[in-house]
>>> print(open('my_file03.pdb').read())   # PDB, C-alpha atoms
MODEL        1
ATOM      1  CA  MET A   1      56.136   3.663 -28.415
ATOM      2  CA  ARG A   2      58.368   3.407 -25.356
ATOM      3  CA  LYS A   3      60.151   0.089 -24.925
ATOM      4  CA  TYR A   4      61.851  -1.297 -21.820
ATOM      5  CA  SER A   5      64.949  -3.458 -21.597
ATOM      6  CA  VAL A   6      63.662  -6.659 -19.996
ATOM      7  CA  HIS A   7      65.936  -9.477 -18.871
ATOM      8  CA  ASN A   8      63.131 -11.874 -17.991
ATOM      9  CA  ILE A   9      59.578 -12.209 -16.727
ATOM     10  CA  PHE A  10      58.627 -15.133 -14.533
ATOM     11  CA  GLY A  11      56.243 -16.407 -11.871
ATOM     12  CA  PRO A  12      54.226 -17.008  -9.964
ATOM     13  CA  THR A  13      56.843 -17.375  -7.273
ATOM     14  CA  ILE A  14      57.378 -16.388  -3.642
ATOM     15  CA  GLN A  15      59.061 -13.115  -2.681
ATOM     16  CA  GLY A  16      61.919 -14.257  -0.515
ATOM     17  CA  GLU A  17      63.254 -11.178   1.282
ATOM     18  CA  GLY A  18      62.372  -7.883   2.915
ATOM     19  CA  GLY A  19      58.957  -6.629   3.924
ATOM     20  CA  MET A  20      57.078  -8.668   1.317
ATOM     21  CA  THR A  21      58.640 -12.014   2.264
ATOM     22  CA  GLY A  22      56.180 -14.825   1.613
ATOM     23  CA  THR A  23      54.071 -12.859  -0.871
ATOM     24  CA  VAL A  24      53.065 -14.623  -4.094
ATOM     25  CA  CYS A  25      54.111 -12.478  -7.034
ATOM     26  CA  HIS A  26      55.490 -12.327 -10.536
ATOM     27  CA  PHE A  27      58.865 -10.761 -11.325
ATOM     28  CA  VAL A  28      59.770  -8.408 -14.127
ATOM     29  CA  ARG A  29      63.560  -8.218 -14.143
ATOM     30  CA  LEU A  30      64.923  -5.256 -16.068
ATOM     31  CA  SER A  31      68.424  -5.020 -17.523
ATOM     32  CA  GLY A  32      70.877  -2.244 -16.823
ATOM     33  CA  CYS A  33      72.308  -0.946 -13.572
ATOM     34  CA  ASN A  34      74.363   2.040 -12.454
ATOM     35  CA  MET A  35      76.314  -0.089  -9.979
ATOM     36  CA  TRP A  36      77.478  -2.876 -12.319
ATOM     37  CA  ASP A  37      77.283  -3.596 -16.051
ATOM     38  CA  GLY A  38      76.162  -7.201 -15.467
ATOM     39  CA  ARG A  39      79.219  -8.944 -16.895
ATOM     40  CA  ALA A  40      80.757 -11.635 -14.704
ATOM     41  CA  SER A  41      84.245 -10.446 -15.628
ATOM     42  CA  THR A  42      83.634  -6.997 -14.089
ATOM     43  CA  ARG A  43      81.649  -7.966 -10.998
ATOM     44  CA  GLU A  44      84.537  -8.018  -8.509
ATOM     45  CA  ALA A  45      85.606  -4.488  -9.487
ATOM     46  CA  SER A  46      82.059  -3.081  -9.395
ATOM     47  CA  MET A  47      80.237  -1.227  -6.611
ATOM     48  CA  CYS A  48      78.186  -4.415  -6.064
ATOM     49  CA  PRO A  49      80.743  -7.255  -6.022
ATOM     50  CA  PHE A  50      78.253  -9.466  -4.144
ATOM     51  CA  CYS A  51      75.401  -9.062  -6.659
ATOM     52  CA  ASP A  52      73.884 -12.445  -7.533
ATOM     53  CA  THR A  53      71.331 -11.207 -10.082
ATOM     54  CA  ASP A  54      71.745 -12.115 -13.741
ATOM     55  CA  PHE A  55      70.460  -9.128 -15.734
ATOM     56  CA  PHE A  56      72.982  -8.809 -18.563
ATOM     57  CA  SER A  57      70.947 -10.075 -21.525
ATOM     58  CA  HIS A  58      67.712  -8.377 -22.520
ATOM     59  CA  THR A  59      64.796  -8.022 -24.931
ATOM     60  CA  MET A  60      63.127  -4.702 -25.692
ATOM     61  CA  LYS A  61      59.410  -4.819 -24.834
ATOM     62  CA  THR A  62      56.561  -2.314 -24.704
ATOM     63  CA  ALA A  63      54.468  -1.976 -21.541
ATOM     64  CA  LYS A  64      51.632  -3.749 -23.368
ATOM     65  CA  ALA A  65      53.923  -6.657 -24.283
ATOM     66  CA  ILE A  66      55.072  -6.922 -20.653
ATOM     67  CA  VAL A  67      51.457  -7.143 -19.492
ATOM     68  CA  GLU A  68      50.643  -9.745 -22.159
ATOM     69  CA  GLU A  69      53.515 -11.921 -20.972
ATOM     70  CA  LEU A  70      52.450 -11.517 -17.349
ATOM     71  CA  ASP A  71      48.872 -12.415 -18.271
ATOM     72  CA  SER A  72      50.127 -15.592 -19.955
ATOM     73  CA  LEU A  73      51.477 -16.736 -16.561
ATOM     74  CA  GLY A  74      47.905 -17.029 -15.325
ATOM     75  CA  ARG A  75      47.704 -15.026 -12.128
ATOM     76  CA  LYS A  76      46.896 -11.433 -11.187
ATOM     77  CA  GLY A  77      48.153  -9.734  -8.055
ATOM     78  CA  TRP A  78      51.613  -8.467  -7.179
ATOM     79  CA  VAL A  79      54.377  -7.811  -9.703
ATOM     80  CA  THR A  80      57.862  -7.054  -8.407
ATOM     81  CA  ILE A  81      60.016  -4.987 -10.758
ATOM     82  CA  SER A  82      63.693  -5.545 -10.053
ATOM     83  CA  GLY A  83      66.922  -5.304 -11.980
ATOM     84  CA  GLY A  84      69.470  -4.178 -12.539
ATOM     85  CA  GLU A  85      68.213  -0.818 -11.335
ATOM     86  CA  PRO A  86      64.525  -0.224 -12.150
ATOM     87  CA  ALA A  87      64.780   3.552 -11.623
ATOM     88  CA  LEU A  88      66.762   3.780 -14.861
ATOM     89  CA  GLN A  89      63.691   2.731 -16.845
ATOM     90  CA  VAL A  90      60.462   2.693 -14.852
ATOM     91  CA  ASP A  91      58.035   5.493 -15.696
ATOM     92  CA  GLN A  92      54.383   6.245 -15.070
ATOM     93  CA  ASN A  93      53.393   4.716 -18.418
ATOM     94  CA  LEU A  94      54.645   1.286 -17.364
ATOM     95  CA  ILE A  95      53.056   1.509 -13.917
ATOM     96  CA  ASP A  96      49.728   2.773 -15.287
ATOM     97  CA  THR A  97      49.653  -0.058 -17.836
ATOM     98  CA  LEU A  98      50.246  -2.618 -15.083
ATOM     99  CA  HIS A  99      47.609  -1.013 -12.836
ATOM    100  CA  ASP A 100      45.085  -0.922 -15.678
ATOM    101  CA  ALA A 101      45.647  -4.670 -16.067
ATOM    102  CA  ASP A 102      44.848  -5.217 -12.342
ATOM    103  CA  TYR A 103      48.402  -5.701 -11.095
ATOM    104  CA  LEU A 104      49.902  -4.221  -7.940
ATOM    105  CA  VAL A 105      53.481  -3.046  -8.387
ATOM    106  CA  ALA A 106      56.443  -3.392  -6.026
ATOM    107  CA  ILE A 107      59.879  -2.039  -6.872
ATOM    108  CA  GLU A 108      63.300  -2.518  -5.307
ATOM    109  CA  THR A 109      65.768   0.301  -5.904
ATOM    110  CA  ASN A 110      69.303   1.184  -4.810
ATOM    111  CA  GLY A 111      68.044   4.690  -4.126
ATOM    112  CA  THR A 112      70.513   6.640  -6.248
ATOM    113  CA  LYS A 113      67.745   7.846  -8.596
ATOM    114  CA  GLN A 114      64.159   8.809  -7.918
ATOM    115  CA  ILE A 115      61.434   6.477  -9.194
ATOM    116  CA  LYS A 116      59.485   8.530 -11.764
ATOM    117  CA  ALA A 117      56.180   6.849 -10.982
ATOM    118  CA  THR A 118      53.774   6.091  -8.157
ATOM    119  CA  VAL A 119      54.074   2.467  -7.055
ATOM    120  CA  ASP A 120      52.277   0.347  -4.459
ATOM    121  CA  TYR A 121      55.331  -0.824  -2.519
ATOM    122  CA  LEU A 122      58.876   0.527  -2.558
ATOM    123  CA  THR A 123      61.933  -1.223  -1.141
ATOM    124  CA  LEU A 124      65.133   0.776  -0.762
ATOM    125  CA  SER A 125      68.346  -1.261  -0.616
ATOM    126  CA  PRO A 126      71.232   1.254  -0.554
ATOM    127  CA  LYS A 127      74.364   0.438  -2.516
ATOM    128  CA  LEU A 128      76.109   3.795  -2.014
ATOM    129  CA  PRO A 129      76.663   5.913   1.111
ATOM    130  CA  ARG A 130      73.846   8.006   2.578
ATOM    131  CA  GLY A 131      74.999  11.200   0.878
ATOM    132  CA  GLN A 132      74.530   9.574  -2.534
ATOM    133  CA  THR A 133      71.138   8.076  -1.711
ATOM    134  CA  VAL A 134      68.361  10.371  -2.950
ATOM    135  CA  VAL A 135      65.320   8.259  -2.075
ATOM    136  CA  GLU A 136      64.103   9.464   1.323
ATOM    137  CA  ASN A 137      60.806   7.589   1.731
ATOM    138  CA  CYS A 138      60.042   3.892   1.298
ATOM    139  CA  ASP A 139      57.966   1.040   2.644
ATOM    140  CA  THR A 140      60.988  -1.137   3.408
ATOM    141  CA  LEU A 141      64.595  -0.135   4.012
ATOM    142  CA  LYS A 142      66.900  -3.124   3.548
ATOM    143  CA  VAL A 143      70.596  -2.685   4.316
ATOM    144  CA  LEU A 144      72.990  -5.490   3.369
ATOM    145  CA  TYR A 145      75.468  -6.483   6.053
ATOM    146  CA  PRO A 146      78.405  -6.510   6.533
ATOM    147  CA  HIS A 147      78.714  -4.299   3.453
ATOM    148  CA  PRO A 148      82.265  -4.020   2.038
ATOM    149  CA  ASN A 149      81.847  -0.237   2.046
ATOM    150  CA  PRO A 150      82.155   0.883   5.707
ATOM    151  CA  LEU A 151      79.975   3.907   4.936
ATOM    152  CA  ILE A 152      77.019   1.619   4.240
ATOM    153  CA  ARG A 153      75.917   0.727   7.746
ATOM    154  CA  PRO A 154      72.415   0.818   9.260
ATOM    155  CA  GLU A 155      73.279   3.718  11.579
ATOM    156  CA  PHE A 156      73.902   6.010   8.609
ATOM    157  CA  PHE A 157      70.415   5.383   7.192
ATOM    158  CA  GLU A 158      68.373   5.846  10.368
ATOM    159  CA  ASP A 159      66.880   9.080   9.016
ATOM    160  CA  ILE A 160      65.262   7.336   6.030
ATOM    161  CA  ASN A 161      61.480   7.404   6.403
ATOM    162  CA  ALA A 162      60.690   3.673   6.217
ATOM    163  CA  ARG A 163      57.796   1.684   7.653
ATOM    164  CA  ILE A 164      60.079  -1.304   8.300
ATOM    165  CA  LYS A 165      63.875  -1.488   8.492
ATOM    166  CA  TYR A 166      65.759  -4.703   7.787
ATOM    167  CA  LEU A 167      69.334  -5.869   8.048
ATOM    168  CA  GLN A 168      70.138  -8.674   5.592
ATOM    169  CA  PRO A 169      73.273 -10.854   5.579
ATOM    170  CA  ILE A 170      75.250 -10.663   2.348
ATOM    171  CA  ASP A 171      75.372 -13.902   0.377
ATOM    172  CA  ALA A 172      79.101 -14.573  -0.024
ATOM    173  CA  GLU A 173      78.417 -17.677  -2.173
ATOM    174  CA  ASP A 174      80.361 -19.729   0.364
ATOM    175  CA  GLU A 175      78.660 -21.708   3.147
ATOM    176  CA  LYS A 176      81.178 -20.910   5.885
ATOM    177  CA  LYS A 177      81.349 -17.202   4.965
ATOM    178  CA  ASN A 178      77.562 -17.073   4.869
ATOM    179  CA  GLN A 179      77.338 -18.496   8.385
ATOM    180  CA  ILE A 180      79.766 -15.816   9.547
ATOM    181  CA  ASN A 181      77.756 -13.076   7.823
ATOM    182  CA  VAL A 182      74.514 -14.295   9.395
ATOM    183  CA  GLN A 183      76.061 -14.287  12.857
ATOM    184  CA  LYS A 184      77.569 -10.822  12.324
ATOM    185  CA  THR A 185      74.177  -9.567  11.222
ATOM    186  CA  ILE A 186      72.447 -11.019  14.273
ATOM    187  CA  ASP A 187      75.105  -9.542  16.565
ATOM    188  CA  LYS A 188      74.626  -6.145  14.902
ATOM    189  CA  LEU A 189      70.852  -6.315  15.306
ATOM    190  CA  TYR A 190      71.312  -6.639  19.071
ATOM    191  CA  THR A 191      72.869  -3.152  19.045
ATOM    192  CA  LEU A 192      70.044  -1.535  17.033
ATOM    193  CA  ASP A 193      66.511  -0.439  17.856
ATOM    194  CA  GLY A 194      63.615  -1.101  15.505
ATOM    195  CA  TRP A 195      65.484  -3.167  12.907
ATOM    196  CA  ARG A 196      64.555  -6.692  11.831
ATOM    197  CA  LEU A 197      66.385  -9.618  10.264
ATOM    198  CA  SER A 198      65.801 -10.353   6.567
ATOM    199  CA  LEU A 199      66.968 -13.657   5.094
ATOM    200  CA  GLN A 200      66.875 -14.666   1.437
ATOM    201  CA  THR A 201      64.299 -17.349   2.095
ATOM    202  CA  HIS A 202      63.710 -18.034  -1.616
ATOM    203  CA  LYS A 203      67.172 -19.646  -1.681
ATOM    204  CA  TYR A 204      66.174 -21.948   1.176
ATOM    205  CA  MET A 205      62.908 -22.777  -0.598
ATOM    206  CA  GLY A 206      64.612 -23.396  -3.934
ATOM    207  CA  VAL A 207      62.539 -20.897  -5.937
ATOM    208  CA  GLU A 208      63.812 -18.106  -8.175
TER     209      GLU A 208
ENDMDL
END
>>> encode(input="my_file03.pdb", output="C-alpha cells")
Amino acid sequence: MRKYSVHNIFGPTIQGEGGMTGTVCHFVRLSGCNMWDGRASTREASMCPFCDTDFFSHTMKTAKAIVEELDSLGRKGWVTISGGEPALQVDQNLIDTLHDADYLVAIETNGTKQIKATVDYLTLSPKLPRGQTVVENCDTLKVLYPHPNPLIRPEFFEDINARIKYLQPIDAEDEKKNQINVQKTIDKLYTLDGWRLSLQTHKYMGVE
C-alpha cells in the first residue's frame, strides 16, 4: 500500500496567505523538495534560501492513516497539502481518500512538476524561471518579491492562467529587511495591472 512521507499534520488553523487567506483548514505538510533538501546547513546555497518551512523529518503514512489523523483533530472542511513540494508525492489515491472522507483539498506547488491528481484549489508559487515552470493553470498565482533570482518577476508569469495573482514580500527574518521588502512589493504593485498584495498574516496572528 502506497505510503507518503509526512512531516506533520496539524490544525485547525487559519490559512495565512494567498487566495485562501482567512480560511479555516488543516495542514498536511509533506517532506521532500526539489528546491532544497530541508537541512539548515544547506539552505543558503539552495534555490530557496528564504524558505522558512521545516519539512526535513518525516513519518511514512498511508492515505488512510493521514485521514485518521485528520479526523482526530475534530473538524471537516479544507485540508491544505504543502511541503516541501507536494507534487513529488501527491497522487489521485491520496486525493480520493481525502474526498471520500469529506475533505476539500488545496495544494501549493512550485510548479516544476505537474500535480498527478484533481484538487479543489491549486496555488502556484514559482521558485524557478518561467521556462522551468510547467504548471500553466491555477486558482492562485503567488510570486515572492523581490526574489533573489531576477528571472522570477511577476511580468514573466503574466501568461499563467490564474484566477487571482498575488505579489508577496519575502520574509527575510529581519524586521528592517522585511519592512524594505514590503515597501518594494507595494511599489512594484503600483506598476502592475490585476495583481494583489499577499501578506503572511498567520505570522501576525501567531498561528502556524
>>> atom_distance(input="my_file03.pdb", atom1="CA of Val24 in chain A", atom2="CA of Pro154 in chain A")
28.1 Å
>>> closest_residue(input="my_file03.pdb", among="A:Gln179, A:Thr97, A:Thr80, A:Gln132", to="Phe157 in chain A", atoms="only C-alpha atoms")
A:Gln132
>>> closest_residue(input="my_file03.pdb", among="A:Tyr4, A:Trp195, A:Phe27, A:Tyr121", to="Glu208 in chain A", atoms="only C-alpha atoms")
A:Phe27
>>> resolve_selection(input="my_file03.pdb", expression="the PyMOL selection byres ((chain A and resi 86-91) around 10)", output="NGL selection string")
:A and (2-6 or 28-34 or 81-85 or 92-96 or 107-119)
>>> atom_distance(input="my_file03.pdb", atom1="CA of Gly22 in chain A", atom2="CA of Ala106 in chain A")
13.8 Å
>>> closest_residue(input="my_file03.pdb", among="A:Lys165, A:Arg130, A:Glu17, A:Asp171", to="Leu192 in chain A", atoms="all atoms listed in the file")
A:Lys165
>>> residues_around(input="my_file03.pdb", residues="Gly19 in chain A", least_positions_apart="4", cutoff="9 Å", atoms="all atoms listed in the file", output="PyMOL selection string")
chain A and resi 123+139-142+164-166+198
>>> write_last_selection(input="my_file03.pdb", atoms="C-alpha atoms", output="PDB file, in the frame of the given file")
ATOM      1  CA  THR A 123      61.933  -1.223  -1.141  1.00  0.00           C
ATOM      2  CA  ASP A 139      57.966   1.040   2.644  1.00  0.00           C
ATOM      3  CA  THR A 140      60.988  -1.137   3.408  1.00  0.00           C
ATOM      4  CA  LEU A 141      64.595  -0.135   4.012  1.00  0.00           C
ATOM      5  CA  LYS A 142      66.900  -3.124   3.548  1.00  0.00           C
ATOM      6  CA  ILE A 164      60.079  -1.304   8.300  1.00  0.00           C
ATOM      7  CA  LYS A 165      63.875  -1.488   8.492  1.00  0.00           C
ATOM      8  CA  TYR A 166      65.759  -4.703   7.787  1.00  0.00           C
ATOM      9  CA  SER A 198      65.801 -10.353   6.567  1.00  0.00           C
TER      10      SER A 198
END
>>> residues_around(input="my_file03.pdb", residues="Val143 in chain A", least_positions_apart="2", cutoff="9 Å", atoms="only C-alpha atoms", output="ChimeraX atom specification")
/A:124-127,141,145-147,152-154,157,165-169
